[in-house]
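Structure data follow from entry01.cif (mmCIF, C-alpha atoms):
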data_input
#
loop_
_atom_site.label_atom_id
_atom_site.label_comp_id
_atom_site.auth_asym_id
_atom_site.auth_seq_id
_atom_site.Cartn_x
_atom_site.Cartn_y
_atom_site.Cartn_z
CA MET A 23 82.23 88.72 103.21
CA GLY A 24 82.38 92.47 103.41
CA ALA A 25 85.17 92.22 105.94
CA ILE A 26 87.18 90.02 103.64
CA THR A 27 86.69 92.44 100.78
CA ARG A 28 87.83 95.32 102.93
CA ALA A 29 90.85 93.37 104.17
CA ALA A 30 91.74 92.39 100.64
CA ALA A 31 91.45 95.97 99.44
CA ASN A 32 94.03 96.99 102.02
CA ASN A 33 96.47 94.67 100.35
CA PHE A 34 96.39 96.43 96.99
CA THR A 35 97.86 99.68 95.74
CA THR A 36 95.53 102.18 94.18
CA ASN A 37 96.69 100.77 90.84
CA GLY A 38 95.50 97.31 91.83
CA ILE A 39 98.94 95.86 92.40
CA ILE A 40 99.23 93.38 95.24
CA LEU A 41 101.15 94.71 98.23
CA PRO A 42 103.60 92.53 100.20
CA ALA A 43 100.93 92.03 102.85
CA GLY A 44 98.82 90.25 100.26
CA ILE A 45 101.25 87.44 99.46
CA ASN A 46 103.16 85.17 101.78
CA ASP A 47 104.82 81.76 101.57
CA ALA A 48 101.47 79.97 101.69
CA SER A 49 100.24 82.04 98.76
CA VAL A 50 102.99 80.75 96.50
CA ALA A 51 103.08 77.17 97.74
CA SER A 52 101.65 75.94 94.45
CA ILE A 53 104.08 77.84 92.22
CA SER A 54 106.49 75.36 90.70
CA GLN A 55 108.29 77.49 88.17
CA LEU A 56 109.47 81.09 88.02
CA GLU A 57 109.78 81.57 84.28
CA ASN A 58 110.88 85.18 84.23
CA ALA A 59 112.81 85.40 87.46
CA SER A 60 116.27 86.89 87.12
CA THR A 61 118.61 83.95 87.49
CA SER A 62 121.92 85.39 86.43
CA GLY A 63 124.64 83.29 87.95
CA ALA A 64 122.22 80.82 89.43
CA LEU A 65 122.93 77.13 89.41
CA THR A 66 120.36 74.82 87.91
CA LEU A 67 120.61 71.17 88.81
CA ILE A 68 120.49 69.31 85.49
CA SER A 69 121.08 65.78 86.68
CA GLU A 70 122.48 63.79 89.55
CA GLN A 71 123.98 60.32 89.47
CA THR A 72 124.78 58.10 92.40
CA ALA A 73 127.36 55.40 91.94
CA SER A 74 126.83 51.87 93.15
CA ASN A 75 129.81 49.82 92.04
CA ASP A 76 129.75 51.39 88.60
CA ALA A 77 132.64 51.25 86.18
CA ASN A 78 131.99 54.84 85.22
CA ILE A 79 129.51 57.68 85.51
CA ASP A 80 128.63 59.23 82.16
CA PHE A 81 126.75 62.45 81.54
CA THR A 82 125.55 62.03 77.97
CA SER A 83 122.68 64.48 77.98
CA GLY A 84 122.10 67.98 79.22
CA ILE A 85 125.45 69.35 78.06
CA ASP A 86 124.65 71.71 75.23
CA SER A 87 124.33 75.41 74.53
CA THR A 88 121.73 76.05 77.21
CA TYR A 89 124.34 77.24 79.69
CA PRO A 90 127.68 78.94 79.14
CA ILE A 91 129.24 77.19 82.12
CA TYR A 92 128.64 73.72 83.52
CA LYS A 93 129.65 72.63 86.99
CA PHE A 94 130.15 69.08 88.25
CA GLU A 95 130.15 68.52 91.99
CA PHE A 96 131.75 65.39 93.47
CA ILE A 97 130.44 64.26 96.84
CA ASN A 98 132.16 61.42 98.68
CA ILE A 99 133.43 59.52 95.65
CA HIS A 100 134.56 56.24 97.16
CA PRO A 101 136.57 53.76 95.07
CA ALA A 102 136.09 50.03 95.28
CA SER A 103 139.85 49.54 95.46
CA ASP A 104 142.89 51.31 96.90
CA LEU A 105 145.50 53.27 95.02
CA VAL A 106 143.45 54.35 92.04
CA THR A 107 143.05 57.68 90.29
CA PHE A 108 139.83 59.57 89.65
CA GLU A 109 139.63 60.67 86.04
CA MET A 110 137.61 62.67 83.55
CA GLU A 111 137.06 62.15 79.85
CA LEU A 112 135.32 64.24 77.21
CA SER A 113 133.31 63.28 74.17
CA THR A 114 132.22 65.10 71.02
CA ASP A 115 129.89 62.33 69.87
CA GLY A 116 127.51 61.93 72.75
CA GLY A 117 129.61 59.32 74.52
CA SER A 118 130.28 56.92 71.65
CA SER A 119 133.98 57.64 72.08
CA TRP A 120 136.11 59.43 74.64
CA SER A 121 139.16 60.61 72.83
CA VAL A 122 139.35 64.40 72.93
CA THR A 123 142.87 65.79 72.79
CA LYS A 124 143.74 67.73 75.93
CA THR A 125 146.47 69.98 77.28
CA SER A 126 146.44 70.75 80.98
CA THR A 127 148.35 71.73 84.09
CA VAL A 128 148.04 70.23 87.52
CA PHE A 129 149.47 71.45 90.79
CA LEU A 130 148.89 69.93 94.16
CA SER A 131 149.50 70.16 97.85
CA TYR A 132 149.55 67.34 100.34
CA LEU A 133 150.20 66.49 103.95
CA SER A 134 150.04 63.16 105.74
CA GLU A 135 148.33 62.59 109.03
CA GLY A 136 151.83 62.01 110.38
CA GLY A 137 153.10 65.35 109.05
CA ALA A 138 154.98 64.08 105.99
CA GLY A 139 154.76 65.70 102.59
CA ALA A 140 153.93 69.29 103.45
CA SER A 141 154.50 70.72 100.02
CA VAL A 142 152.97 72.32 96.97
CA PHE A 143 154.32 71.60 93.53
CA LEU A 144 153.54 71.21 89.86
CA GLY A 145 152.25 67.74 89.09
CA ALA A 146 154.23 67.40 85.91
CA GLY A 147 153.38 63.73 85.57
CA LEU A 148 149.69 64.52 85.80
CA SER A 149 149.63 67.29 83.24
CA LEU A 150 148.64 66.46 79.68
CA GLU A 151 150.24 67.73 76.49
CA GLN A 152 148.15 67.09 73.41
CA THR A 153 147.09 63.65 74.46
CA THR A 154 143.78 61.84 74.32
CA GLY A 155 144.56 60.20 77.66
CA THR A 156 142.27 60.68 80.62
CA GLN A 157 142.52 63.82 82.72
CA ARG A 158 143.41 62.75 86.23
CA LEU A 159 141.57 64.72 88.88
CA MET A 160 143.10 62.87 91.85
CA GLU A 161 145.61 60.11 92.47
CA ASN A 162 146.20 57.38 95.03
CA LEU A 163 142.71 57.32 96.45
CA GLY A 164 142.08 55.28 99.55
CA ALA A 165 139.30 52.73 99.78
CA ASP A 166 138.96 52.54 103.56
CA ASN A 167 135.35 52.83 104.61
CA ASP A 168 135.69 56.48 105.65
CA GLN A 169 137.85 57.60 102.70
CA SER A 170 136.53 59.48 99.69
CA LEU A 171 136.99 62.44 97.37
CA CYS A 172 135.03 65.69 97.14
CA GLY A 173 135.40 68.63 94.81
CA GLU A 174 134.18 70.45 91.74
CA LEU A 175 134.89 70.87 88.04
CA PHE A 176 133.81 73.75 85.81
CA LEU A 177 133.51 73.24 82.04
CA PHE A 178 133.29 76.42 80.01
CA ASN A 179 131.14 76.83 76.92
CA PRO A 180 131.25 73.19 75.83
CA SER A 181 129.00 73.75 72.83
CA SER A 182 131.28 76.32 71.22
CA THR A 183 132.39 75.45 67.71
CA THR A 184 134.89 78.31 67.75
CA PHE A 185 136.95 77.89 70.89
CA VAL A 186 138.77 75.07 72.62
CA LYS A 187 137.00 73.82 75.76
CA GLN A 188 138.52 75.03 79.01
CA TYR A 189 138.02 73.40 82.38
CA ILE A 190 139.03 74.17 85.96
CA ALA A 191 138.79 71.69 88.82
CA ARG A 192 139.75 71.37 92.46
CA THR A 193 139.47 68.18 94.50
CA ASN A 194 140.37 67.04 97.98
CA SER A 195 140.74 63.42 99.01
CA SER A 196 141.84 61.00 101.65
CA GLN A 197 144.85 59.34 100.10
CA TYR A 198 145.40 55.61 100.66
CA GLU A 199 148.39 56.24 102.93
CA GLU A 200 146.43 58.76 105.04
CA TYR A 201 147.34 61.99 103.28
CA SER A 202 145.11 64.95 102.61
CA ASN A 203 145.52 65.73 98.91
CA ASP A 204 144.48 69.09 97.44
CA TYR A 205 144.60 68.97 93.60
CA HIS A 206 144.14 71.89 91.21
CA ILE A 207 143.53 70.95 87.58
CA ASN A 208 143.21 73.38 84.69
CA GLY A 209 143.28 72.75 80.96
CA TYR A 210 141.38 72.53 77.74
CA GLY A 211 139.97 70.02 75.32
CA ASN A 212 141.81 71.08 72.20
CA THR A 213 138.89 70.82 69.85
CA THR A 214 136.48 73.21 68.21
CA SER A 215 133.84 70.49 68.06
CA ALA A 216 131.14 70.75 70.69
CA ILE A 217 131.66 68.69 73.83
CA ASN A 218 128.40 66.93 74.62
CA ALA A 219 129.31 64.21 77.10
CA VAL A 220 131.59 63.83 80.12
CA ARG A 221 132.74 60.60 81.78
CA PHE A 222 134.15 60.03 85.26
CA GLN A 223 135.89 56.83 86.27
CA HIS A 224 138.71 55.36 88.30
CA SER A 225 141.91 54.11 86.70
CA SER A 226 140.86 50.61 87.69
CA GLY A 227 138.01 49.09 89.61
CA ASN A 228 134.57 50.50 90.15
CA ILE A 229 133.26 53.66 91.72
CA GLY A 230 132.00 52.01 94.86
CA SER A 231 129.74 54.85 95.90
CA GLY A 232 129.38 58.60 95.61
CA THR A 233 127.30 61.26 93.97
CA ILE A 234 128.07 63.51 91.02
CA LYS A 235 125.81 66.46 90.29
CA LEU A 236 125.72 68.36 87.01
CA TYR A 237 124.66 72.00 87.15
CA GLY A 238 124.24 74.67 84.55
CA ILE A 239 125.19 78.21 85.50
CA SER A 240 122.72 80.53 83.86
CA GLY A 241 123.40 84.05 82.72
CA SER A 242 127.06 83.66 83.40
CA MET B 25 85.77 102.07 94.60
CA SER B 26 88.67 103.15 92.40
CA ILE B 27 90.89 100.47 93.97
CA ALA B 28 88.22 97.90 93.24
CA LEU B 29 88.22 99.09 89.66
CA SER B 30 92.00 98.82 89.47
CA ILE B 31 91.90 95.34 90.94
CA GLY B 32 89.28 94.40 88.45
CA ASN B 33 91.55 95.53 85.65
CA ASN B 34 94.20 93.15 86.97
CA LEU B 35 91.94 90.13 86.84
CA THR B 36 91.00 87.92 83.94
CA THR B 37 87.36 87.13 83.37
CA ASN B 38 88.03 83.89 85.22
CA GLY B 39 89.18 85.75 88.29
CA VAL B 40 92.85 84.96 87.85
CA PHE B 41 95.30 87.75 88.55
CA THR B 42 97.08 89.05 85.46
CA ALA B 43 100.80 89.83 85.37
CA SER B 44 100.09 93.46 86.08
CA ALA B 45 98.76 92.56 89.52
CA VAL B 46 102.06 91.33 90.92
CA ASN B 47 105.48 92.93 90.84
CA ASN B 48 108.70 92.44 92.75
CA THR B 49 107.46 94.48 95.67
CA SER B 50 104.43 92.24 95.98
CA VAL B 51 106.60 89.27 96.86
CA THR B 52 108.88 91.04 99.31
CA ASN B 53 107.50 88.93 102.13
CA VAL B 54 107.93 85.62 100.33
CA THR B 55 110.93 83.82 101.73
CA ASP B 56 110.48 80.41 100.19
CA PHE B 57 108.99 79.16 96.94
CA ALA B 58 108.69 75.72 98.45
CA SER B 59 107.33 73.99 95.37
CA VAL B 60 109.65 75.51 92.79
CA VAL B 61 111.79 72.82 91.28
CA GLY B 62 115.28 74.18 91.28
CA GLY B 63 118.60 73.02 92.40
CA GLY B 64 122.09 74.23 92.71
CA ASN B 65 121.26 77.65 93.97
CA LEU B 66 122.89 78.85 97.11
CA LYS B 67 120.18 79.04 99.72
CA LEU B 68 121.09 81.54 102.37
CA LEU B 69 120.66 79.81 105.71
CA SER B 70 121.96 82.48 108.01
CA THR B 71 124.01 85.65 108.17
CA GLN B 72 125.99 86.80 111.16
CA THR B 73 127.52 90.21 111.55
CA ALA B 74 130.41 90.60 113.92
CA SER B 75 130.55 93.49 116.33
CA ALA B 76 133.52 93.08 118.62
CA SER B 77 132.66 89.37 118.73
CA ALA B 78 135.04 86.82 120.19
CA THR B 79 133.75 84.21 117.76
CA ILE B 80 131.08 83.69 115.17
CA ASP B 81 129.43 80.31 115.64
CA PHE B 82 127.01 78.53 113.36
CA THR B 83 125.30 76.07 115.67
CA SER B 84 122.12 75.40 113.76
CA GLY B 85 121.21 74.64 110.17
CA ILE B 86 124.13 72.27 109.52
CA ASP B 87 122.54 68.88 109.04
CA GLY B 88 121.55 66.42 106.34
CA THR B 89 119.40 68.90 104.44
CA TYR B 90 122.18 69.79 102.01
CA ASP B 91 125.12 67.84 100.62
CA THR B 92 127.30 70.92 100.47
CA TYR B 93 127.55 73.99 102.67
CA VAL B 94 129.32 77.20 101.68
CA PHE B 95 130.50 79.87 104.10
CA LYS B 96 131.40 83.27 102.69
CA PHE B 97 133.28 85.63 104.95
CA ILE B 98 133.30 89.25 103.94
CA ASN B 99 135.64 91.92 105.26
CA CYS B 100 136.36 90.29 108.57
CA HIS B 101 138.38 92.88 110.42
CA PRO B 102 140.35 92.01 113.55
CA ALA B 103 140.51 94.12 116.65
CA THR B 104 144.15 93.10 117.05
CA ASN B 105 146.88 93.54 114.47
CA ASP B 106 148.70 90.63 112.86
CA VAL B 107 146.41 87.79 113.86
CA ASN B 108 145.28 84.64 112.06
CA PHE B 109 141.74 84.12 110.85
CA GLN B 110 140.75 80.53 111.51
CA PHE B 111 137.90 78.07 111.94
CA ASN B 112 137.09 74.91 113.79
CA LEU B 113 134.39 72.24 113.75
CA SER B 114 132.13 70.64 116.30
CA THR B 115 130.30 67.33 116.55
CA ASP B 116 128.31 68.32 119.64
CA GLY B 117 126.44 71.38 118.47
CA GLY B 118 129.11 73.81 119.57
CA SER B 119 129.77 72.63 123.10
CA SER B 120 133.32 71.98 121.97
CA TYR B 121 135.32 72.76 118.85
CA ASN B 122 138.08 70.20 118.74
CA VAL B 123 137.64 67.88 115.79
CA THR B 124 140.81 66.20 114.58
CA LYS B 125 141.87 67.51 111.19
CA THR B 126 144.53 66.91 108.56
CA THR B 127 144.90 69.88 106.23
CA THR B 128 147.21 71.50 103.73
CA ARG B 129 147.93 75.17 103.28
CA PHE B 130 149.79 77.12 100.63
CA THR B 131 149.82 80.78 99.72
CA ALA B 132 150.76 83.21 97.03
CA LEU B 133 152.13 86.48 98.45
CA HIS B 134 152.93 89.84 96.96
CA SER B 135 153.95 92.90 98.92
CA GLU B 136 152.71 96.35 98.04
CA SER B 137 156.33 97.40 97.52
CA ASP B 138 157.08 94.22 95.55
CA SER B 139 159.27 92.97 98.41
CA PRO B 140 159.95 91.15 100.62
CA HIS B 141 157.15 88.90 99.38
CA ALA B 142 156.56 87.78 95.81
CA SER B 143 156.29 84.04 96.12
CA LEU B 144 154.31 80.82 96.19
CA GLN B 145 155.00 78.48 99.08
CA TYR B 146 153.68 75.67 101.21
CA GLU B 147 153.33 76.75 104.84
CA SER B 148 154.30 73.81 106.98
CA THR B 149 153.97 75.75 110.21
CA ARG B 150 150.33 76.47 109.51
CA ASP B 151 149.02 73.13 108.28
CA LEU B 152 147.50 70.48 110.54
CA ALA B 153 148.46 66.81 110.85
CA GLN B 154 145.88 65.07 113.00
CA SER B 155 145.44 68.13 115.13
CA THR B 156 142.40 69.45 116.95
CA ALA B 157 143.71 73.02 116.70
CA ASP B 158 141.91 75.70 114.73
CA LYS B 159 142.52 75.59 110.98
CA ILE B 160 144.22 78.79 109.83
CA LEU B 161 142.50 80.33 106.84
CA LEU B 162 144.61 83.51 106.71
CA ASN B 163 147.82 84.50 108.42
CA GLY B 164 148.68 87.84 109.95
CA VAL B 165 145.61 89.86 109.09
CA GLY B 166 146.14 93.56 109.56
CA ASN B 167 143.84 95.72 111.62
CA GLY B 168 144.39 98.99 109.80
CA ASP B 169 141.11 100.74 109.17
CA ASP B 170 141.00 99.52 105.58
CA GLU B 171 142.40 96.02 106.20
CA SER B 172 140.36 92.84 106.39
CA CYS B 173 140.03 89.32 104.98
CA SER B 174 137.44 87.70 102.73
CA GLY B 175 136.89 84.34 101.12
CA GLU B 176 134.90 81.15 101.15
CA LEU B 177 134.92 77.75 102.78
CA ILE B 178 133.15 74.75 101.23
CA LEU B 179 132.18 71.92 103.59
CA TYR B 180 131.06 68.64 102.05
CA ASN B 181 128.41 66.34 103.46
CA PRO B 182 128.95 67.28 107.12
CA SER B 183 126.20 65.00 108.37
CA SER B 184 127.73 61.82 106.97
CA THR B 185 128.37 59.14 109.55
CA THR B 186 130.37 57.09 107.02
CA PHE B 187 133.02 59.40 105.59
CA THR B 188 135.52 61.91 106.91
CA LYS B 189 134.45 65.50 106.21
CA HIS B 190 136.27 67.21 103.36
CA PHE B 191 136.56 70.96 103.04
CA MET B 192 138.24 73.41 100.68
CA ALA B 193 138.87 77.10 101.22
CA ARG B 194 140.31 80.01 99.30
CA ALA B 195 140.68 83.43 100.84
CA VAL B 196 142.42 86.76 100.42
CA GLU B 197 143.59 89.38 102.89
CA ASN B 198 145.55 92.54 103.51
CA ARG B 199 148.30 91.30 105.76
CA SER B 200 149.64 93.44 108.53
CA ASP B 201 152.88 93.85 106.54
CA ASP B 202 150.99 95.32 103.60
CA THR B 203 151.04 92.16 101.57
CA ALA B 204 148.28 90.57 99.55
CA GLU B 205 147.87 86.95 100.57
CA ASP B 206 145.99 84.45 98.40
CA ALA B 207 145.53 81.44 100.67
CA TYR B 208 144.48 77.92 99.77
CA GLY B 209 143.48 75.48 102.47
CA ALA B 210 141.96 72.03 102.15
CA GLY B 211 141.67 68.85 104.13
CA TYR B 212 139.37 66.70 106.11
CA ALA B 213 137.97 66.42 109.57
CA ASN B 214 139.00 62.91 110.49
CA THR B 215 135.77 61.83 112.09
CA THR B 216 132.77 59.80 111.06
CA SER B 217 130.59 61.69 113.52
CA ALA B 218 128.34 64.31 112.00
CA ILE B 219 129.66 67.87 112.01
CA ASN B 220 126.89 70.15 113.25
CA ALA B 221 128.58 73.44 114.16
CA VAL B 222 131.31 75.66 112.74
CA ARG B 223 133.21 78.43 114.53
CA PHE B 224 135.18 81.33 113.02
CA LEU B 225 137.56 83.43 115.06
CA PHE B 226 140.83 85.31 115.09
CA GLY B 227 143.85 83.82 116.82
CA SER B 228 143.57 86.48 119.49
CA GLY B 229 141.29 89.41 120.04
CA ASN B 230 137.82 89.96 118.73
CA ILE B 231 136.32 90.00 115.29
CA ASP B 232 135.84 93.73 115.30
CA GLU B 233 133.50 93.67 112.34
CA GLY B 234 132.66 91.54 109.34
CA ILE B 235 129.94 89.37 107.90
CA ILE B 236 129.82 85.59 107.53
CA LYS B 237 127.06 83.98 105.51
CA MET B 238 126.20 80.30 105.48
CA TYR B 239 124.55 78.78 102.42
CA GLY B 240 123.25 75.35 101.55
CA VAL B 241 123.66 74.24 97.96
CA VAL B 242 120.12 73.31 96.99
#

Let's see the structure in the file written out as structure tokens.
Amino acid sequence: MGAITRAAANNFTTNGIILPAGINDASVASISQLENASTSGALTLISEQTASNDANIDFTSGIDSTYPIYKFEFINIHPASDLVTFEMELSTDGGSSWSVTKTSTVFLSYLSEGGAGASVFLGAGLSLEQTTGTQRLMENLGADNDQSLCGELFLFNPSSTTFVKQYIARTNSSQYEEYSNDYHINGYGNTTSAINAVRFQHSSGNIGSGTIKLYGISGS
Amino acid sequence: MSIALSIGNNLTTNGVFTASAVNNTSVTNVTDFASVVGGGNLKLLSTQTASASATIDFTSGIDGTYDTYVFKFINCHPATNDVNFQFNLSTDGGSSYNVTKTTTRFTALHSESDSPHASLQYESTRDLAQSTADKILLNGVGNGDDESCSGELILYNPSSTTFTKHFMARAVENRSDDTAEDAYGAGYANTTSAINAVRFLFGSGNIDEGIIKMYGVV
């Protein structure tokens, strides 16, 4: 007992503060929350949804004023059918309707496995000008077993009632005719109402499989 | 005795340490809060620092633990002037780096003197169409003392045995012709075998210095 006391005393400063030697990974194994830790710029996983032949994936909670930036991550989004787009919609009423007016730009680069394409250009047909139509994040997806889409979308300050709601996205996919497509999408929901829900879907058919994660970026 | 008194002041009557007992220094040796519910943070898996290295290989830590891996390369400086910075992938733990890839590449260029480069273009000589060659991240990196390249590479779900392996990169450099290059590369490794190693290298000559960090997105 005395030995333990002496050993413990060696692990404190003269002010009674625990020295590094007094705490290791085992010591903190039961800590489940770090309330006051500096988390500036850290990602917090808010929710994760895995598709299984779903018509759409909706995030209708967790998008509020808690975080200034929200990030969606797309992992192996696999459509049930060939030649479909992957799209995003925004809502100001918790998902009751998806009809936010948007203006956006899209540019893209692609190359086929056979070497065709090889270009970068403005996707004029994909850009939106004051329309409530869906924001296409990728076109012409392939539905072969090994084909999918990955990427990310950032939504800035969705709860603002002052500013329009800007978003930036980048996606890469296996196109149905064996192209690698690299899409860059930037725009804004032209509303000063708070955005509180986001929907992802294909232009037709179900999302066969895939995972979408919603993160909040704290302190950003 | 005085330490015991100080410790006593940092304990509640129930013997629980108060906030004054622990500060940031106290947890210097803690590397993992295993039970903290988090998510989305970049968990640093490994850091490698080049020192006249032919390659920098990540041959462990790439598995099914994370859906997304992020590599950040910081001030990678070539020993040889005007060389490409590139990467390749392995399905056999680094015994070979020859995975078939289809990738795009486009760049925005601007010369320090405003010419000859002030443009945005697709680079068809540096993309890959079903090729096992190294994927070029940056072209013509200069080896002047203050020249280097930096950027990030995102690799999605490398351990999948169902899907091809998508990646996206964006990087910047001081080119050997005193031009800023903003390079975008993306594509997929056309294999359903798990990717379990990644190699970074210059097209010729060593990586004189530089740091590459590998993170898992928790």

Distance filter 8 Å, only C-alpha atoms, chain A against chain B, as a PyMOL selection string: chain A and resi 31+34-47+50-56+64-67+97-98+131-137+140-142+167-172+194-196+201-204+237

Chain and number of each residue from the PyMOL selection byres ((chain A and resi 173-180) around 8), as a count of residues only: 27

Hits from the PyMOL selection byres ((chain B and resi 68) around 10), listed as a count of residues only: 15

Resolved residues for the PyMOL selection byres ((chain A and resi 222) around 9) as JSON, numbers by chain: {"A": [77, 78, 79, 80, 81, 108, 109, 110, 111, 220, 221, 223, 224]}

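A straight line drawn from atom CA of B:Gly227 to atom CA of B:Ser84 is 23.5 Å long.
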